[in-house]
Structures are given as structure tokens and as C-alpha cells.
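Reproduced below: protein08.cif, with mmCIF, C-alpha atoms.
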data_model
#
loop_
_atom_site.label_atom_id
_atom_site.label_comp_id
_atom_site.auth_asym_id
_atom_site.auth_seq_id
_atom_site.Cartn_x
_atom_site.Cartn_y
_atom_site.Cartn_z
CA MET A 1 56.56 -17.53 9.55
CA ARG A 2 56.46 -13.87 10.59
CA GLU A 3 54.30 -12.97 7.56
CA TYR A 4 51.92 -15.83 8.40
CA ILE A 5 51.51 -14.60 11.99
CA GLN A 6 50.90 -11.03 10.78
CA SER A 7 48.27 -12.22 8.31
CA ARG A 8 46.50 -14.20 11.02
CA THR A 9 46.59 -11.17 13.31
CA VAL A 10 45.11 -8.90 10.64
CA ILE A 11 42.31 -11.38 9.87
CA GLY A 12 41.53 -11.70 13.58
CA ILE A 13 41.25 -7.93 13.91
CA ILE A 14 38.95 -7.78 10.90
CA LEU A 15 36.67 -10.41 12.40
CA LEU A 16 36.47 -8.42 15.64
CA LEU A 17 35.54 -5.30 13.65
CA LEU A 18 32.80 -7.20 11.83
CA LEU A 19 31.34 -8.43 15.10
CA ALA A 20 31.32 -4.86 16.39
CA ALA A 21 29.68 -3.57 13.22
CA CYS A 22 26.93 -6.18 13.40
CA ALA A 23 26.27 -5.67 17.12
CA SER A 24 23.37 -3.32 16.43
CA SER A 25 19.87 -4.57 15.78
CA ALA A 26 19.39 -6.27 12.42
CA GLY A 27 15.81 -5.04 11.97
CA GLN A 28 15.00 -4.13 8.36
CA PRO A 29 12.72 -1.20 7.51
CA ALA A 30 9.42 -1.73 5.75
CA PRO A 31 9.48 -0.81 2.05
CA ILE A 32 8.12 2.64 1.19
CA ASN A 33 6.03 2.86 -1.94
CA GLN A 34 5.60 5.80 -4.25
CA PHE A 35 8.85 7.46 -3.19
CA ALA A 36 10.39 10.05 -5.51
CA PRO A 37 14.22 10.31 -5.36
CA ARG A 38 15.21 13.73 -4.10
CA SER A 39 17.72 15.21 -1.69
CA VAL A 40 17.01 14.82 2.00
CA ALA A 41 14.23 17.26 2.80
CA ALA A 42 14.63 17.44 6.55
CA GLU A 43 17.39 16.38 8.89
CA ILE A 44 16.01 14.27 11.70
CA PRO A 45 18.41 13.89 14.65
CA ALA A 46 19.24 10.25 15.31
CA PRO A 47 18.66 9.08 18.88
CA ALA A 48 21.44 7.27 20.71
CA ALA A 49 21.81 3.54 20.18
CA GLY A 50 19.53 1.42 22.33
CA GLN A 51 17.22 4.30 23.21
CA SER A 52 13.76 5.20 21.96
CA ALA A 53 13.25 8.49 20.17
CA PRO A 54 11.47 11.24 22.13
CA GLU A 55 7.83 11.81 21.36
CA ASP A 56 8.57 14.97 19.33
CA LYS A 57 11.20 13.11 17.29
CA ARG A 58 9.14 10.09 16.33
CA ILE A 59 9.27 9.09 12.66
CA ILE A 60 5.70 8.77 11.37
CA LEU A 61 4.91 7.97 7.74
CA LYS A 62 1.48 9.41 6.89
CA THR A 63 -0.59 8.47 3.84
CA ALA A 64 -4.08 9.50 2.72
CA ASN A 65 -6.56 8.07 0.20
CA LEU A 66 -9.52 9.98 -1.25
CA SER A 67 -12.33 9.15 -3.65
CA ILE A 68 -14.14 12.25 -4.92
CA VAL A 69 -16.88 13.01 -7.46
CA VAL A 70 -16.40 16.13 -9.59
CA ASP A 71 -17.93 17.75 -12.66
CA ASP A 72 -14.61 18.14 -14.52
CA PRO A 73 -12.03 15.41 -13.71
CA THR A 74 -9.38 16.90 -16.01
CA ALA A 75 -9.49 20.29 -14.30
CA THR A 76 -9.46 18.63 -10.88
CA LEU A 77 -6.36 16.58 -11.70
CA SER A 78 -4.59 19.72 -12.91
CA ARG A 79 -5.64 21.58 -9.77
CA ILE A 80 -4.22 18.84 -7.52
CA THR A 81 -0.94 18.90 -9.47
CA VAL A 82 -0.59 22.66 -9.07
CA LEU A 83 -1.51 22.41 -5.38
CA ALA A 84 1.24 19.86 -4.68
CA GLU A 85 3.87 21.91 -6.51
CA GLU A 86 2.86 25.12 -4.74
CA MET A 87 3.26 23.38 -1.39
CA GLY A 88 6.76 22.24 -2.31
CA GLY A 89 5.75 18.69 -3.18
CA TRP A 90 5.59 16.73 -6.42
CA VAL A 91 3.48 14.29 -8.45
CA VAL A 92 4.41 10.64 -7.90
CA SER A 93 2.07 9.17 -10.52
CA SER A 94 -0.98 10.14 -12.54
CA GLN A 95 -3.20 8.15 -14.87
CA THR A 96 -6.45 8.78 -16.71
CA SER A 97 -8.90 6.64 -18.66
CA ARG A 98 -12.05 7.19 -20.71
CA VAL A 99 -15.30 5.52 -19.69
CA ALA A 100 -18.19 4.92 -22.11
CA LEU A 101 -21.66 5.95 -20.93
CA ALA A 102 -24.97 4.22 -21.66
CA SER A 103 -26.02 7.33 -23.59
CA GLY A 104 -23.18 6.76 -26.05
CA GLY A 105 -20.84 9.49 -24.82
CA GLU A 106 -17.52 9.22 -23.01
CA VAL A 107 -16.16 10.79 -19.85
CA GLN A 108 -12.71 10.87 -18.31
CA ARG A 109 -11.77 9.59 -14.87
CA GLY A 110 -8.37 9.35 -13.27
CA THR A 111 -6.15 8.66 -10.27
CA ILE A 112 -3.28 10.81 -9.04
CA THR A 113 -0.73 10.36 -6.24
CA VAL A 114 1.16 13.36 -4.89
CA ARG A 115 3.50 14.07 -2.00
CA VAL A 116 3.12 17.18 0.11
CA PRO A 117 4.90 18.36 3.29
CA ALA A 118 3.67 16.24 6.20
CA GLU A 119 2.84 19.29 8.31
CA ARG A 120 0.50 20.53 5.55
CA LEU A 121 -1.32 17.24 4.96
CA ASP A 122 -4.61 18.41 6.51
CA GLU A 123 -4.44 21.64 4.54
CA ALA A 124 -3.89 19.76 1.30
CA LEU A 125 -6.81 17.40 1.99
CA ALA A 126 -9.14 20.30 2.75
CA SER A 127 -8.10 22.05 -0.46
CA ILE A 128 -8.63 18.92 -2.56
CA LYS A 129 -12.12 18.35 -1.11
CA SER A 130 -13.22 21.95 -1.60
CA GLY A 131 -15.60 22.44 -4.51
CA VAL A 132 -16.20 18.73 -5.21
CA VAL A 133 -19.67 17.30 -5.71
CA SER A 134 -19.18 14.63 -3.04
CA VAL A 135 -16.54 12.66 -1.16
CA ASN A 136 -17.14 8.93 -1.52
CA SER A 137 -14.39 7.85 0.89
CA GLU A 138 -11.48 9.26 2.87
CA ASN A 139 -8.78 7.43 4.79
CA VAL A 140 -5.70 8.80 6.58
CA ALA A 141 -3.19 6.36 8.10
CA GLY A 142 0.17 6.64 9.85
CA GLN A 143 3.02 4.17 10.31
CA ASP A 144 5.45 4.58 13.22
CA VAL A 145 8.95 3.54 12.05
CA THR A 146 10.89 5.15 14.88
CA GLN A 147 12.41 1.86 16.08
CA ASP A 148 13.57 0.90 12.59
CA TYR A 149 15.05 4.36 12.11
CA THR A 150 16.91 4.11 15.44
CA ASP A 151 18.31 0.68 14.52
CA LEU A 152 19.52 2.00 11.17
CA THR A 153 21.29 5.01 12.64
CA SER A 154 22.98 2.81 15.24
CA ARG A 155 24.08 0.37 12.57
CA LEU A 156 25.43 3.22 10.44
CA THR A 157 27.50 4.51 13.37
CA ASN A 158 29.04 1.08 13.94
CA LEU A 159 29.76 0.55 10.26
CA GLU A 160 31.48 3.93 9.95
CA ALA A 161 33.63 3.14 12.99
CA ALA A 162 34.57 -0.22 11.46
CA GLU A 163 35.45 1.51 8.18
CA LYS A 164 37.74 3.94 10.00
CA GLN A 165 39.55 1.13 11.78
CA LEU A 166 39.92 -0.87 8.56
CA ARG A 167 41.56 2.11 6.88
CA THR A 168 44.01 2.36 9.77
CA ILE A 169 44.84 -1.35 9.47
CA MET A 170 45.35 -1.00 5.72
CA ASP A 171 47.79 1.86 6.26
CA ASN A 172 49.84 -0.37 8.57
CA ALA A 173 49.64 -3.55 6.45
CA GLN A 174 53.06 -4.85 5.36
CA THR A 175 52.25 -7.65 2.93
CA THR A 176 50.23 -7.79 -0.27
CA GLN A 177 47.97 -10.49 1.17
CA ASP A 178 47.15 -8.29 4.16
CA VAL A 179 46.35 -5.34 1.90
CA LEU A 180 44.03 -7.43 -0.30
CA THR A 181 42.24 -8.96 2.67
CA VAL A 182 41.61 -5.62 4.34
CA TYR A 183 40.67 -3.98 1.02
CA ASN A 184 38.01 -6.59 0.24
CA GLU A 185 36.54 -6.20 3.71
CA LEU A 186 36.63 -2.42 3.35
CA VAL A 187 34.69 -2.61 0.08
CA ARG A 188 32.03 -4.80 1.68
CA VAL A 189 31.65 -2.53 4.72
CA ARG A 190 31.49 0.51 2.45
CA GLY A 191 28.66 -1.10 0.48
CA GLU A 192 26.69 -1.72 3.68
CA ILE A 193 27.23 1.90 4.70
CA GLU A 194 25.77 3.18 1.42
CA THR A 195 22.80 0.81 1.68
CA THR A 196 22.07 1.88 5.26
CA ARG A 197 22.36 5.56 4.37
CA GLY A 198 19.92 5.02 1.51
CA ARG A 199 17.36 3.46 3.84
CA ILE A 200 17.72 6.31 6.30
CA GLN A 201 17.22 8.77 3.45
CA TYR A 202 14.04 6.92 2.45
CA TYR A 203 12.66 7.41 5.93
CA ASP A 204 13.76 11.04 6.08
CA GLN A 205 11.85 11.96 2.95
CA ALA A 206 8.84 9.71 3.58
CA ALA A 207 8.42 11.28 7.02
CA ALA A 208 8.87 14.80 5.65
CA PHE A 209 6.44 14.34 2.72
CA SER A 210 3.10 12.54 3.03
CA ALA A 211 1.55 10.67 0.11
CA ILE A 212 -2.00 11.47 -1.03
CA THR A 213 -3.77 9.23 -3.55
CA VAL A 214 -6.94 10.69 -5.09
CA GLU A 215 -9.46 8.84 -7.25
CA VAL A 216 -11.37 11.35 -9.39
CA ILE A 217 -14.81 10.19 -10.60
CA PRO A 218 -16.96 12.25 -13.00
CA THR A 219 -20.54 13.04 -12.01
CA ALA A 220 -21.80 11.51 -15.25
CA ILE A 221 -20.96 8.07 -13.87
CA GLU A 222 -22.43 8.67 -10.42
CA ALA A 223 -25.63 10.54 -11.42
CA PRO A 224 -28.37 8.87 -13.55
CA ILE A 225 -29.45 10.43 -16.85
CA GLN A 226 -32.58 12.61 -16.52
CA ILE A 227 -34.84 13.92 -19.32
CA ALA A 228 -37.44 16.54 -18.29
CA GLY A 229 -37.50 15.12 -14.79
CA TRP A 230 -37.68 11.53 -16.05
CA SER A 231 -34.77 9.23 -15.33
CA PRO A 232 -34.74 6.33 -17.81
CA GLY A 233 -31.65 4.88 -16.18
CA ARG A 234 -33.37 4.77 -12.80
CA THR A 235 -36.49 3.21 -14.37
CA ALA A 236 -34.36 0.54 -16.04
CA GLU A 237 -32.66 -0.20 -12.74
CA GLN A 238 -35.99 -0.56 -10.97
CA ALA A 239 -37.38 -2.81 -13.72
CA LEU A 240 -34.29 -4.98 -13.59
CA ALA A 241 -34.56 -5.21 -9.81
CA ALA A 242 -38.24 -6.24 -10.09
CA LEU A 243 -37.35 -8.92 -12.65
CA ILE A 244 -34.61 -10.28 -10.44
CA ASN A 245 -36.95 -10.36 -7.44
CA THR A 246 -39.61 -12.22 -9.45
CA LEU A 247 -37.10 -14.77 -10.73
CA ARG A 248 -35.79 -15.18 -7.22
CA VAL A 249 -39.28 -15.96 -5.89
CA LEU A 250 -39.91 -18.49 -8.68
CA ALA A 251 -36.54 -20.08 -8.03
CA ASP A 252 -37.29 -20.32 -4.30
CA VAL A 253 -40.64 -21.98 -5.03
CA LEU A 254 -39.06 -24.45 -7.45
CA ILE A 255 -36.31 -25.34 -5.00
CA THR A 256 -38.88 -25.84 -2.23
CA VAL A 257 -41.01 -28.10 -4.43
CA VAL A 258 -38.03 -30.22 -5.47
CA ILE A 259 -36.60 -30.59 -1.99
CA VAL A 260 -39.87 -30.92 -0.04
CA GLY A 261 -42.60 -31.89 -2.49
CA VAL A 262 -40.91 -34.76 -4.32
CA PRO A 263 -39.91 -36.71 -1.18
CA LEU A 264 -43.41 -36.21 0.31
CA ALA A 265 -45.00 -37.42 -2.92
CA LEU A 266 -42.89 -40.54 -2.83
CA ILE A 267 -43.48 -41.18 0.85
CA ILE A 268 -47.25 -40.55 0.84
CA GLY A 269 -48.32 -40.93 -2.77
CA LEU A 270 -46.64 -44.29 -3.44
CA PRO A 271 -48.42 -46.18 -0.60
CA LEU A 272 -51.73 -44.53 -1.47
CA GLY A 273 -51.33 -45.54 -5.10
CA LEU A 274 -50.63 -49.16 -4.16
CA MET A 275 -53.64 -49.24 -1.84
CA PHE A 276 -55.86 -47.79 -4.58
CA ARG A 277 -54.74 -50.42 -7.08
CA ALA A 278 -55.35 -53.21 -4.55
CA LEU A 279 -58.85 -51.95 -3.85
CA ARG A 280 -59.65 -51.79 -7.57
CA ARG A 281 -58.50 -55.40 -8.03
CA ARG A 282 -60.73 -56.55 -5.16
CA ALA A 283 -63.67 -54.63 -6.56
CA ARG A 284 -63.25 -56.32 -9.93
CA ALA A 285 -62.97 -59.71 -8.29
#
Let me see whether you can do it: turn the structure in this file into C-alpha cells.
Amino acid sequence: MREYIQSRTVIGIILLLLLAACASSAGQPAPINQFAPRSVAAEIPAPAAGQSAPEDKRIILKTANLSIVVDDPTATLSRITVLAEEMGGWVVSSQTSRVALASGGEVQRGTITVRVPAERLDEALASIKSGVVSVNSENVAGQDVTQDYTDLTSRLTNLEAAEKQLRTIMDNAQTTQDVLTVYNELVRVRGEIETTRGRIQYYDQAAAFSAITVEVIPTAIEAPIQIAGWSPGRTAEQALAALINTLRVLADVLITVVIVGVPLALIIGLPLGLMFRALRRRARA
């Protein structure tokens, strides 16, 4: 009977610990794409539970997307790689492909994603755009995840406190059943602690390093072929446009005739035809 009461007491304490551990907000962080596993780059102080982070401690995830036209895509991709490494960042992904031209040749185009220190994002963008033929598009966006980060740090604090109390209970457990019950709960809490720490580490690195995705387009694709000032590609485009416009006009006329002309012919022409036949019959008579 005494062992039964002790077991019930231990289980009750464990349930109280679980309620305390889950008292923090259950908000889940948004997934972060293109993250490279590394050690935490910058320690960001966690605000107290239930409070918003100060303005200078807000967790902002910045990303940028560029589409540029260059003469040598291969050299540009290599330059962006070196730039990221010199700034203390790294290449997340890089891919290239060959594109066939109407003239029969081939050119290379590619896309690269790098991460650079967030405080040097503007510097990196300016360096990437320097020396290019043109910038087709540029977009810089930021995501404020301060609230999610605060919820995670609060949850981690509660889970660590619950783990400490579970270890104390295990040290005082007197029966095998009590030890197994507390041990299983300790394993589960420990797993949640590791998961929460991993999410916090995701935010730490994503806030410290901004992602830049660059589409590199060769000028041979953007610029038409010219021979002694003559651009056959441009002429072909203009001829094709003229043909399409002509066909469009003919199609519009045909549609108008079918929709308007045929009903009018039936409404007006049929009575006139009947009247004409009747008059001819009378004339013959």
C-alpha cells in the first residue's frame, strides 16, 4: 500500500511539472529555408517571458533576390562565391545550365544563393550589382520573428526547470516503477529541450546571416543578334508581330460576321426571299 501511494505521489508531481513546462506559449516558428548548419554565429539575449524584445534586440530575418544581366555568367558566379566567403559567409546552393541560342551557339546561365552577415547585406548587394550590364529586378524583404523567438526561449527555460526537478525526483525514488516512470518522462522532456534549442539556433543564425539569391543571365540571351548594324532577330520579331496582328484582325472580322451577320441575314434575308418568291409566282400567274 505504501509503495502504491508513493507511486501515485510521484506521478502527480510529474504531471504538475509537465503543466509548468507547457505553460509558455505554444507558438511554432516559421520554417527557415536555405539554412546551412553551423555553430551559433551570434548570441542574442533572450527577453524575459511574457515581454516583447526591445527594438534593438528584435529578431529580423532578411532575404534578398536579384536578377542581373552580365557578359560572363561563370566569372560572375565565381565572384559572388568569393565575395560571400570573404565576408565570412558561405554558399547555400549554386546551379548552372546551358542555353542554346538561335545562332546555333550555347551560353551559360545560373542561379546562386549565399549567406552573408546581416549587417553587411547592403554592401554585398552593391558589390554584386557593380559591373553588371543591367539589373532586371531586385527585392529585399524582412521577417520579424521576435515573438516566436521569445516564446521559444521562455519554453526552453520552463523545460530546463522541469528537467532539473525530474532529476531530483529520480534521485529520491525508492521503487523500480517510480524510477522507470520518472526516467521515461525525463527522456521526453530532454527531447523537447533539444528540439527547442535547435529552433532557437535556427533563428540565431538566420538573423545573423542574410540570404541572397542571384539569377545570372548572359547578355547573349537579352540582346538581339546584330550584323553590321542589322538585327535579323529584331526583324523576325517585328515580322512575327505583324503577322499576328493581321491574323488577329481577320479573326475579329470573321467572329463579327458569324455573330452579327448570320443572324441579320436570317432575320432580314429570309422574309425578303419569301416575298420575292411570292411576287414571282403572282407575276407568272
Just the number, please: distance in Å from CA of Thr81 in chain A to CA of Ala208 in chain A, one decimal.
18.5 Å
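Look at everything within 8 Å of (0.4, 12.3, -6.0) using only C-alpha atoms, and the residues you get are Thr81, Ala84, Trp90, Val91, Val92, Ser93, Ser94, Ile112, Thr113, Val114, Arg115, Ala211, Ile212, Thr213 and Val214 of chain A.
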Nearest-residue call for Glu119 in chain A, choices A:Ser210, A:Leu250, A:Tyr203, A:Thr74, using all atoms listed in the file:
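Closest to Glu119 in chain A of all the choices is A:Ser210.
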Coordinates-based distance that separates CA of Leu156 in chain A from CA of Ala173 in chain A (Å, one decimal):
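These atoms are spaced 25.5 Å apart.
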Evaluating the PyMOL selection byres ((chain A and resi 61) around 12) on the displayed file yields which residues, as a ChimeraX atom specification?
/A:30-33,35,58-60,62-64,115,117-119,121,140-146,149,202-212
List the spatial neighbours of Ser130 in chain A as a CSV table (one decimal) with C-alpha atoms, in the coordinates of the input - criterion: any atom at most 12 Å away, all atoms listed in the file, same-chain residues fewer than 4 positions off excluded.
chain,number,residue,atom,x,y,z
A,68,ILE,CA,-14.1,12.2,-4.9
A,69,VAL,CA,-16.9,13.0,-7.5
A,70,VAL,CA,-16.4,16.1,-9.6
A,76,THR,CA,-9.5,18.6,-10.9
A,79,ARG,CA,-5.6,21.6,-9.8
A,80,ILE,CA,-4.2,18.8,-7.5
A,123,GLU,CA,-4.4,21.6,4.5
A,124,ALA,CA,-3.9,19.8,1.3
A,125,LEU,CA,-6.8,17.4,2.0
A,126,ALA,CA,-9.1,20.3,2.8
A,134,SER,CA,-19.2,14.6,-3.0
A,135,VAL,CA,-16.5,12.7,-1.2
Hey, what comes out of the PyMOL selection byres ((chain A and resi 98) around 9) on this file? Could you write it as a PyMOL selection string?
chain A and resi 96-97+99-100+106-110
Rounded to one decimal place, report the CA of Asn158 in chain A-CA of Ile200 in chain A distance in Å.
14.6 Å
Please rebuild range 182-217 of chain A with N, CA and C atoms and give the result as a PDB file, in the frame of the given file.
ATOM      1  N   VAL A 182      42.248  -6.782   3.729  1.00  0.00           N
ATOM      2  CA  VAL A 182      41.610  -5.620   4.340  1.00  0.00           C
ATOM      3  C   VAL A 182      40.824  -4.831   3.289  1.00  0.00           C
ATOM      4  N   TYR A 183      41.352  -4.738   2.077  1.00  0.00           N
ATOM      5  CA  TYR A 183      40.670  -3.980   1.020  1.00  0.00           C
ATOM      6  C   TYR A 183      39.316  -4.599   0.694  1.00  0.00           C
ATOM      7  N   ASN A 184      39.274  -5.915   0.554  1.00  0.00           N
ATOM      8  CA  ASN A 184      38.010  -6.590   0.240  1.00  0.00           C
ATOM      9  C   ASN A 184      36.982  -6.366   1.358  1.00  0.00           C
ATOM     10  N   GLU A 185      37.451  -6.427   2.596  1.00  0.00           N
ATOM     11  CA  GLU A 185      36.540  -6.200   3.710  1.00  0.00           C
ATOM     12  C   GLU A 185      36.086  -4.752   3.751  1.00  0.00           C
ATOM     13  N   LEU A 186      36.972  -3.841   3.380  1.00  0.00           N
ATOM     14  CA  LEU A 186      36.630  -2.420   3.350  1.00  0.00           C
ATOM     15  C   LEU A 186      35.579  -2.138   2.295  1.00  0.00           C
ATOM     16  N   VAL A 187      35.692  -2.787   1.147  1.00  0.00           N
ATOM     17  CA  VAL A 187      34.690  -2.610   0.080  1.00  0.00           C
ATOM     18  C   VAL A 187      33.330  -3.112   0.544  1.00  0.00           C
ATOM     19  N   ARG A 188      33.308  -4.260   1.212  1.00  0.00           N
ATOM     20  CA  ARG A 188      32.030  -4.800   1.680  1.00  0.00           C
ATOM     21  C   ARG A 188      31.380  -3.891   2.726  1.00  0.00           C
ATOM     22  N   VAL A 189      32.181  -3.421   3.681  1.00  0.00           N
ATOM     23  CA  VAL A 189      31.650  -2.530   4.720  1.00  0.00           C
ATOM     24  C   VAL A 189      31.148  -1.231   4.097  1.00  0.00           C
ATOM     25  N   ARG A 190      31.896  -0.721   3.118  1.00  0.00           N
ATOM     26  CA  ARG A 190      31.490   0.510   2.450  1.00  0.00           C
ATOM     27  C   ARG A 190      30.142   0.331   1.741  1.00  0.00           C
ATOM     28  N   GLY A 191      29.940  -0.833   1.132  1.00  0.00           N
ATOM     29  CA  GLY A 191      28.660  -1.100   0.480  1.00  0.00           C
ATOM     30  C   GLY A 191      27.506  -1.122   1.483  1.00  0.00           C
ATOM     31  N   GLU A 192      27.725  -1.711   2.653  1.00  0.00           N
ATOM     32  CA  GLU A 192      26.690  -1.720   3.680  1.00  0.00           C
ATOM     33  C   GLU A 192      26.400  -0.309   4.192  1.00  0.00           C
ATOM     34  N   ILE A 193      27.431   0.513   4.265  1.00  0.00           N
ATOM     35  CA  ILE A 193      27.230   1.900   4.700  1.00  0.00           C
ATOM     36  C   ILE A 193      26.325   2.638   3.719  1.00  0.00           C
ATOM     37  N   GLU A 194      26.590   2.487   2.421  1.00  0.00           N
ATOM     38  CA  GLU A 194      25.770   3.180   1.420  1.00  0.00           C
ATOM     39  C   GLU A 194      24.333   2.685   1.447  1.00  0.00           C
ATOM     40  N   THR A 195      24.156   1.363   1.613  1.00  0.00           N
ATOM     41  CA  THR A 195      22.800   0.810   1.680  1.00  0.00           C
ATOM     42  C   THR A 195      22.047   1.355   2.894  1.00  0.00           C
ATOM     43  N   THR A 196      22.707   1.384   4.048  1.00  0.00           N
ATOM     44  CA  THR A 196      22.070   1.880   5.260  1.00  0.00           C
ATOM     45  C   THR A 196      21.729   3.363   5.147  1.00  0.00           C
ATOM     46  N   ARG A 197      22.646   4.127   4.570  1.00  0.00           N
ATOM     47  CA  ARG A 197      22.360   5.560   4.370  1.00  0.00           C
ATOM     48  C   ARG A 197      21.161   5.749   3.443  1.00  0.00           C
ATOM     49  N   GLY A 198      21.057   4.911   2.419  1.00  0.00           N
ATOM     50  CA  GLY A 198      19.920   5.020   1.510  1.00  0.00           C
ATOM     51  C   GLY A 198      18.602   4.752   2.213  1.00  0.00           C
ATOM     52  N   ARG A 199      18.591   3.751   3.098  1.00  0.00           N
ATOM     53  CA  ARG A 199      17.360   3.460   3.840  1.00  0.00           C
ATOM     54  C   ARG A 199      16.992   4.595   4.777  1.00  0.00           C
ATOM     55  N   ILE A 200      17.987   5.168   5.414  1.00  0.00           N
ATOM     56  CA  ILE A 200      17.720   6.310   6.300  1.00  0.00           C
ATOM     57  C   ILE A 200      17.164   7.475   5.490  1.00  0.00           C
ATOM     58  N   GLN A 201      17.705   7.680   4.294  1.00  0.00           N
ATOM     59  CA  GLN A 201      17.220   8.770   3.450  1.00  0.00           C
ATOM     60  C   GLN A 201      15.784   8.520   3.011  1.00  0.00           C
ATOM     61  N   TYR A 202      15.431   7.264   2.752  1.00  0.00           N
ATOM     62  CA  TYR A 202      14.040   6.920   2.450  1.00  0.00           C
ATOM     63  C   TYR A 202      13.122   7.378   3.575  1.00  0.00           C
ATOM     64  N   TYR A 203      13.491   7.042   4.795  1.00  0.00           N
ATOM     65  CA  TYR A 203      12.660   7.410   5.930  1.00  0.00           C
ATOM     66  C   TYR A 203      12.609   8.917   6.132  1.00  0.00           C
ATOM     67  N   ASP A 204      13.732   9.587   5.929  1.00  0.00           N
ATOM     68  CA  ASP A 204      13.760  11.040   6.080  1.00  0.00           C
ATOM     69  C   ASP A 204      12.737  11.706   5.163  1.00  0.00           C
ATOM     70  N   GLN A 205      12.750  11.311   3.907  1.00  0.00           N
ATOM     71  CA  GLN A 205      11.850  11.960   2.950  1.00  0.00           C
ATOM     72  C   GLN A 205      10.415  11.498   3.114  1.00  0.00           C
ATOM     73  N   ALA A 206      10.211  10.198   3.406  1.00  0.00           N
ATOM     74  CA  ALA A 206       8.840   9.710   3.580  1.00  0.00           C
ATOM     75  C   ALA A 206       8.181  10.327   4.799  1.00  0.00           C
ATOM     76  N   ALA A 207       8.975  10.633   5.841  1.00  0.00           N
ATOM     77  CA  ALA A 207       8.420  11.280   7.020  1.00  0.00           C
ATOM     78  C   ALA A 207       8.173  12.766   6.770  1.00  0.00           C
ATOM     79  N   ALA A 208       9.012  13.372   5.930  1.00  0.00           N
ATOM     80  CA  ALA A 208       8.870  14.800   5.650  1.00  0.00           C
ATOM     81  C   ALA A 208       7.758  15.089   4.650  1.00  0.00           C
ATOM     82  N   PHE A 209       7.457  14.133   3.749  1.00  0.00           N
ATOM     83  CA  PHE A 209       6.440  14.340   2.720  1.00  0.00           C
ATOM     84  C   PHE A 209       5.437  13.196   2.763  1.00  0.00           C
ATOM     85  N   SER A 210       4.172  13.530   2.979  1.00  0.00           N
ATOM     86  CA  SER A 210       3.100  12.540   3.030  1.00  0.00           C
ATOM     87  C   SER A 210       2.535  12.289   1.642  1.00  0.00           C
ATOM     88  N   ALA A 211       2.118  11.045   1.404  1.00  0.00           N
ATOM     89  CA  ALA A 211       1.550  10.670   0.110  1.00  0.00           C
ATOM     90  C   ALA A 211       0.029  10.764   0.150  1.00  0.00           C
ATOM     91  N   ILE A 212      -0.537  11.359  -0.891  1.00  0.00           N
ATOM     92  CA  ILE A 212      -2.000  11.470  -1.030  1.00  0.00           C
ATOM     93  C   ILE A 212      -2.387  10.855  -2.374  1.00  0.00           C
ATOM     94  N   THR A 213      -3.256   9.860  -2.330  1.00  0.00           N
ATOM     95  CA  THR A 213      -3.770   9.230  -3.550  1.00  0.00           C
ATOM     96  C   THR A 213      -5.242   9.607  -3.705  1.00  0.00           C
ATOM     97  N   VAL A 214      -5.581  10.190  -4.865  1.00  0.00           N
ATOM     98  CA  VAL A 214      -6.940  10.690  -5.090  1.00  0.00           C
ATOM     99  C   VAL A 214      -7.537  10.002  -6.314  1.00  0.00           C
ATOM    100  N   GLU A 215      -8.695   9.383  -6.130  1.00  0.00           N
ATOM    101  CA  GLU A 215      -9.460   8.840  -7.250  1.00  0.00           C
ATOM    102  C   GLU A 215     -10.515   9.870  -7.647  1.00  0.00           C
ATOM    103  N   VAL A 216     -10.478  10.298  -8.905  1.00  0.00           N
ATOM    104  CA  VAL A 216     -11.370  11.350  -9.390  1.00  0.00           C
ATOM    105  C   VAL A 216     -12.426  10.721 -10.290  1.00  0.00           C
ATOM    106  N   ILE A 217     -13.692  10.817  -9.881  1.00  0.00           N
ATOM    107  CA  ILE A 217     -14.810  10.190 -10.600  1.00  0.00           C
ATOM    108  C   ILE A 217     -15.718  11.285 -11.155  1.00  0.00           C
TER     109      ILE A 217
END
